[in-house]
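**Student:** Coordinates in final-v7.tsv, TSV, C-alpha atoms, are listed below.
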chain	number	residue	atom	x	y	z
A	1	LEU	CA	133.12	143.44	88.49
A	2	TYR	CA	131.94	145.70	85.66
A	3	LEU	CA	133.18	143.32	82.95
A	4	PHE	CA	131.45	140.45	84.74
A	5	ALA	CA	128.11	142.30	84.82
A	6	ALA	CA	128.56	143.77	81.34
A	7	THR	CA	129.06	140.34	79.77
A	8	ARG	CA	126.13	138.50	81.37
A	9	LEU	CA	123.24	139.88	79.32
A	10	PRO	CA	125.00	139.70	75.94
A	11	ALA	CA	125.99	136.09	76.66
A	12	ALA	CA	122.42	135.24	77.70
A	13	TRP	CA	121.11	136.80	74.49
A	14	ALA	CA	123.72	134.92	72.43
A	15	LEU	CA	122.56	131.62	73.92
A	16	ALA	CA	118.89	132.50	73.36
A	17	GLU	CA	119.46	133.47	69.74
A	18	ALA	CA	121.21	130.12	69.26
A	19	GLY	CA	117.95	128.42	70.27
A	20	ILE	CA	118.63	127.68	73.92
A	21	ARG	CA	115.35	127.87	75.84
A	22	THR	CA	114.88	129.90	79.03
A	23	GLY	CA	114.35	126.68	80.97
A	24	GLU	CA	117.88	125.57	80.14
A	25	LEU	CA	119.72	128.89	79.80
A	26	ALA	CA	120.80	129.04	83.46
A	27	LYS	CA	122.03	125.44	83.28
A	28	VAL	CA	124.58	126.10	80.52
A	29	THR	CA	128.06	125.91	82.03
A	30	VAL	CA	131.49	127.11	81.01
A	31	GLY	CA	132.30	123.50	80.09
A	32	ASP	CA	129.33	123.33	77.70
A	33	VAL	CA	130.92	125.89	75.39
A	34	ASP	CA	133.22	125.03	72.50
A	35	LEU	CA	134.20	128.52	71.47
A	36	GLU	CA	136.59	127.35	68.75
A	37	GLY	CA	133.83	125.24	67.19
A	38	GLY	CA	131.23	127.96	67.78
A	39	ILE	CA	128.86	125.54	69.50
A	40	VAL	CA	127.20	125.05	72.87
A	41	GLN	CA	125.89	121.87	74.45
A	42	ALA	CA	122.32	122.77	75.40
A	43	PRO	CA	121.52	120.77	78.54
A	44	GLY	CA	117.81	120.31	77.90
A	45	CYS	CA	114.94	120.98	80.29
A	46	ARG	CA	111.30	120.06	80.75
A	47	SER	CA	110.39	121.60	77.37
A	48	ALA	CA	113.56	120.80	75.39
A	49	VAL	CA	115.83	117.84	74.79
A	50	ALA	CA	119.60	118.10	75.15
A	51	ARG	CA	121.39	118.96	71.92
A	52	THR	CA	124.27	120.86	70.34
A	53	VAL	CA	123.50	124.33	68.96
A	54	PRO	CA	125.63	126.66	66.84
A	55	LEU	CA	126.29	130.20	67.99
A	56	THR	CA	126.07	133.11	65.59
A	57	ASP	CA	129.32	134.95	64.85
A	58	TRP	CA	128.16	137.71	67.22
A	59	GLY	CA	127.29	135.06	69.78
A	60	VAL	CA	130.80	133.58	69.66
A	61	LEU	CA	132.20	137.05	70.43
A	62	GLN	CA	129.82	137.65	73.34
A	63	VAL	CA	130.24	134.21	74.88
A	64	GLY	CA	134.01	134.59	74.49
A	65	ARG	CA	133.87	137.90	76.39
A	66	ARG	CA	131.84	136.19	79.10
A	67	LEU	CA	134.25	133.28	79.37
A	68	ARG	CA	137.16	135.68	79.81
A	69	ALA	CA	135.28	137.39	82.66
A	70	LEU	CA	134.65	134.13	84.54
A	71	PRO	CA	136.89	131.72	86.42
A	72	ALA	CA	137.92	128.78	84.22
A	73	ASN	CA	135.72	126.32	86.11
A	74	PRO	CA	133.89	123.99	83.67
A	75	ALA	CA	131.00	123.50	86.14
A	76	ARG	CA	130.39	127.26	86.53
A	77	PRO	CA	127.07	128.45	85.05
A	78	LEU	CA	127.68	130.83	82.17
A	79	THR	CA	124.90	133.33	82.86
A	80	TYR	CA	123.38	132.43	86.23
A	81	GLU	CA	124.39	133.45	89.74
A	82	GLY	CA	122.95	131.62	92.70
A	83	ASN	CA	121.68	128.27	93.85
A	84	GLY	CA	118.00	128.53	93.06
A	85	SER	CA	115.48	125.92	91.99
A	86	ASP	CA	114.85	125.15	88.33
A	87	LYS	CA	111.87	127.53	88.45
A	88	SER	CA	113.95	130.39	89.86
A	89	LYS	CA	116.67	129.68	87.28
A	90	GLN	CA	114.11	129.90	84.48
A	91	ALA	CA	112.66	133.09	85.97
A	92	ALA	CA	116.14	134.64	86.12
A	93	SER	CA	116.72	133.64	82.49
A	94	CYS	CA	113.39	135.15	81.42
A	95	ILE	CA	114.26	138.35	83.25
A	96	ALA	CA	117.67	138.52	81.54
A	97	ILE	CA	116.13	138.16	78.08
A	98	ALA	CA	113.26	140.53	78.93
A	99	ASP	CA	115.84	143.07	80.11
A	100	CYS	CA	117.59	142.80	76.72
A	101	LEU	CA	114.26	143.29	74.95
A	102	THR	CA	113.52	146.35	77.10
A	103	ARG	CA	116.96	147.83	76.36
A	104	ALA	CA	116.24	147.30	72.66
A	105	GLY	CA	113.01	149.28	72.99
A	106	LEU	CA	110.72	146.26	72.70
A	107	GLY	CA	109.79	145.92	76.37
A	108	ASN	CA	106.36	147.51	76.02
A	109	ASP	CA	105.21	145.34	73.12
A	110	PRO	CA	102.97	142.61	74.60
A	111	ALA	CA	103.59	140.41	71.54
A	112	VAL	CA	107.34	140.32	72.22
A	113	ARG	CA	108.37	138.00	75.03
A	114	PRO	CA	111.49	135.96	75.86
A	115	VAL	CA	110.09	133.04	73.82
A	116	SER	CA	110.07	135.40	70.82
A	117	VAL	CA	113.85	135.05	70.66
A	118	THR	CA	113.46	131.28	70.45
A	119	ALA	CA	110.85	131.72	67.73
A	120	TRP	CA	113.23	134.01	65.82
A	121	ALA	CA	116.04	131.43	66.09
A	122	GLY	CA	113.68	128.75	64.83
A	123	ARG	CA	112.46	130.88	61.95
A	124	LYS	CA	116.06	131.60	60.92
A	125	ALA	CA	116.81	127.87	61.02
A	126	PHE	CA	113.74	127.22	58.86
A	127	GLU	CA	114.83	129.87	56.34
A	128	GLN	CA	118.25	128.19	56.15
A	129	THR	CA	117.08	124.58	55.91
A	130	GLY	CA	113.44	124.64	54.79
A	131	ARG	CA	112.87	121.73	57.15
A	132	ILE	CA	110.68	121.83	60.23
A	133	ASP	CA	112.39	118.73	61.64
A	134	GLN	CA	115.70	120.61	61.58
A	135	VAL	CA	114.09	123.51	63.42
A	136	ALA	CA	112.69	121.15	66.06
A	137	ALA	CA	116.14	119.61	66.49
A	138	ARG	CA	117.78	123.04	66.85
A	139	LEU	CA	115.26	124.15	69.47
A	140	GLY	CA	115.10	120.80	71.24
A	141	MET	CA	111.38	120.51	70.61
A	142	ARG	CA	109.66	117.12	70.58
A	143	SER	CA	106.63	118.11	68.50
A	144	LEU	CA	106.76	119.25	64.88
A	145	ASP	CA	103.30	120.83	65.24
A	146	ARG	CA	104.39	122.90	68.23
A	147	THR	CA	107.58	123.85	66.43
A	148	ALA	CA	105.61	125.05	63.41
A	149	ARG	CA	103.27	127.09	65.63
A	150	LEU	CA	106.19	128.64	67.49
A	151	ILE	CA	107.84	129.93	64.32
A	152	GLY	CA	104.54	131.05	62.78
A	153	LEU	CA	104.53	128.45	60.04
A	154	ASP	CA	101.21	127.15	58.75
A	155	HIS	CA	102.48	123.77	57.66
A	156	ARG	CA	99.04	122.35	56.94
A	157	THR	CA	98.18	122.22	53.29
A	158	THR	CA	94.73	122.00	51.80
A	159	ASP	CA	93.93	119.54	49.08
A	160	ALA	CA	92.64	121.52	46.10
A	161	SER	CA	91.10	118.48	44.41
Could you take the file, read its structure, and then write that structure out as structure tokens?
**Tutor:**
Amino acid sequence: LYLFAATRLPAAWALAEAGIRTGELAKVTVGDVDLEGGIVQAPGCRSAVARTVPLTDWGVLQVGRRLRALPANPARPLTYEGNGSDKSKQAASCIAIADCLTRAGLGNDPAVRPVSVTAWAGRKAFEQTGRIDQVAARLGMRSLDRTARLIGLDHRTTDAS
């Protein structure tokens, strides 16, 4: 039981830092993970399209620990317990990420929220690729403008002429 509980939050964080949104986090199943390839099939949600996302090296370790703590049922949710609605699943996912932020000492900062992890993942993707369309694809976002706002990028340029 301890290993089961001890692996849930790190796995949730690993998925979030890969760019999986809180609306889809609870929907990720054991079968969505390709640990050998270091990727996860993000299922999509109201605010994100389905896609494949790469895990960080740390994320592969944490998701691997989680998989070893769970039954080998491909339909089993990776980080969610229960049979709640999509709203309750998203709330549980937000709570899991908020709990991680609190444990890291960031829980009292009103500027740091669960979506901040998504923004961080997007910013890292932008630093690696230099392309906002690649960031939108990683995060499952449909709008380049919203993607740029999320990662704090002022993509508008002014014409100096």
**Student:** Around (116.2, 133.0, 67.4), as given in the file, which residues come within 12 Å? Count only C-alpha atoms and list them as number ranges by chain.
**Tutor:** A: 13-21, 53-56, 59, 97, 114-127, 135, 138-139, 150-151
**Student:** Just the selected residues (C-alpha atoms), exported as an mmCIF file, keeping the file's coordinate frame, please.
**Tutor:**
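Dumped to part00.cif:
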data_model
loop_
_atom_site.group_PDB
_atom_site.id
_atom_site.type_symbol
_atom_site.label_atom_id
_atom_site.label_comp_id
_atom_site.auth_asym_id
_atom_site.auth_seq_id
_atom_site.Cartn_x
_atom_site.Cartn_y
_atom_site.Cartn_z
ATOM 1 C CA TRP A 13 121.110 136.800 74.490
ATOM 2 C CA ALA A 14 123.720 134.920 72.430
ATOM 3 C CA LEU A 15 122.560 131.620 73.920
ATOM 4 C CA ALA A 16 118.890 132.500 73.360
ATOM 5 C CA GLU A 17 119.460 133.470 69.740
ATOM 6 C CA ALA A 18 121.210 130.120 69.260
ATOM 7 C CA GLY A 19 117.950 128.420 70.270
ATOM 8 C CA ILE A 20 118.630 127.680 73.920
ATOM 9 C CA ARG A 21 115.350 127.870 75.840
ATOM 10 C CA VAL A 53 123.500 124.330 68.960
ATOM 11 C CA PRO A 54 125.630 126.660 66.840
ATOM 12 C CA LEU A 55 126.290 130.200 67.990
ATOM 13 C CA THR A 56 126.070 133.110 65.590
ATOM 14 C CA GLY A 59 127.290 135.060 69.780
ATOM 15 C CA ILE A 97 116.130 138.160 78.080
ATOM 16 C CA PRO A 114 111.490 135.960 75.860
ATOM 17 C CA VAL A 115 110.090 133.040 73.820
ATOM 18 C CA SER A 116 110.070 135.400 70.820
ATOM 19 C CA VAL A 117 113.850 135.050 70.660
ATOM 20 C CA THR A 118 113.460 131.280 70.450
ATOM 21 C CA ALA A 119 110.850 131.720 67.730
ATOM 22 C CA TRP A 120 113.230 134.010 65.820
ATOM 23 C CA ALA A 121 116.040 131.430 66.090
ATOM 24 C CA GLY A 122 113.680 128.750 64.830
ATOM 25 C CA ARG A 123 112.460 130.880 61.950
ATOM 26 C CA LYS A 124 116.060 131.600 60.920
ATOM 27 C CA ALA A 125 116.810 127.870 61.020
ATOM 28 C CA PHE A 126 113.740 127.220 58.860
ATOM 29 C CA GLU A 127 114.830 129.870 56.340
ATOM 30 C CA VAL A 135 114.090 123.510 63.420
ATOM 31 C CA ARG A 138 117.780 123.040 66.850
ATOM 32 C CA LEU A 139 115.260 124.150 69.470
ATOM 33 C CA LEU A 150 106.190 128.640 67.490
ATOM 34 C CA ILE A 151 107.840 129.930 64.320
#
**Student:** Interatomic distance between atom CA of A:Cys45 and atom CA of A:Thr79?
**Tutor:** 16.1 Å
**Student:** Nearest to A:Gln134 among A:Leu35, A:Thr147, A:Asp57, A:Pro77, with distances taken over all atoms listed in the file: which residue is it?
**Tutor:**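 Using all atoms listed in the file, the shortest distance to A:Gln134 belongs to A:Thr147.
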**Student:** Per residue of stretch 61-110 of chain A within 8 Å of stretch 26-30 of chain A, record the nearest atom pair and its distance in Å to one decimal, counting all atoms listed in the file, with rows in chain order and ascending residue number, as a Markdown table.
**Tutor:**
| residue | atom | partner | partner_atom | distance |
| --- | --- | --- | --- | --- |
| A:Leu67 | CA | A:Val30 | CA | 7.0 |
| A:Ala72 | CA | A:Val30 | CA | 7.4 |
| A:Asn73 | CA | A:Val30 | CA | 6.7 |
| A:Pro74 | CA | A:Val30 | CA | 4.8 |
| A:Ala75 | CA | A:Thr29 | CA | 5.6 |
| A:Arg76 | CA | A:Thr29 | CA | 5.2 |
| A:Pro77 | CA | A:Thr29 | CA | 4.1 |
| A:Leu78 | CA | A:Thr29 | CA | 4.9 |
| A:Thr79 | CA | A:Ala26 | CA | 6.0 |
| A:Tyr80 | CA | A:Ala26 | CA | 5.1 |
| A:Lys89 | CA | A:Ala26 | CA | 5.7 |
| A:Gln90 | CA | A:Ala26 | CA | 6.8 |
| A:Ala92 | CA | A:Ala26 | CA | 7.8 |
| A:Ser93 | CA | A:Ala26 | CA | 6.2 |
**Student:** Smallest atom-to-atom distance to A:Thr102: which of A:Ala50, A:Ile39, A:Leu153, A:Leu9, using only C-alpha atoms?
**Tutor:**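 Closest candidate: A:Leu9.
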**Student:** Would you place a box with edges along x, y and z of the file around all atoms of stretch 69-83 of chain A listed there, add 5 Å to each of its six sides, and report the centre and edge lengths in Å to one decimal, as lines of an AutoDock Vina configuration file?
**Tutor:**
center_x = 129.8
center_y = 130.4
center_z = 88.0
size_x = 26.2
size_y = 23.9
size_z = 21.7
**Student:** If you measure from atom CA of A:Arg51 to atom CA of A:Asp145, what distance in Å do you get, rounded to one decimal?
**Tutor:**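 The value is 19.4 Å.
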**Student:** What's around A:Ser143 at 9 Å? Count only C-alpha atoms, leave out sequence neighbours fewer than 5 positions away in its own chain, and write the answer as a list in words.
**Tutor:**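 Contacts, in chain order: Asp133, Ala136 and Ala148 of chain A.
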**Student:** Measuring atom to atom with all atoms listed in the file, identify which of A:Ala96, A:Gly38, A:Leu144, A:Ala6 is nearest to A:Arg131.
**Tutor:** A:Leu144
**Student:** What does the distance between atom CA of A:Gly140 and atom CA of A:Val40 come to in Å, to one decimal place?
**Tutor:**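 Between these atoms lies a distance of 12.9 Å.
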**Student:** Under the rule that all atoms listed in the file are counted, which of A:Leu61, A:Ala137, A:Leu25, A:Val33 is the nearest residue to A:Ala91?
**Tutor:**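 So, comparing all the options, the nearest one is A:Leu25.
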**Student:** Return the single residue from A:Gly31, A:Gly82, A:Pro110, A:Pro10 that is closest to A:Pro43, with distances computed using all atoms listed in the file.
**Tutor:** A:Gly31
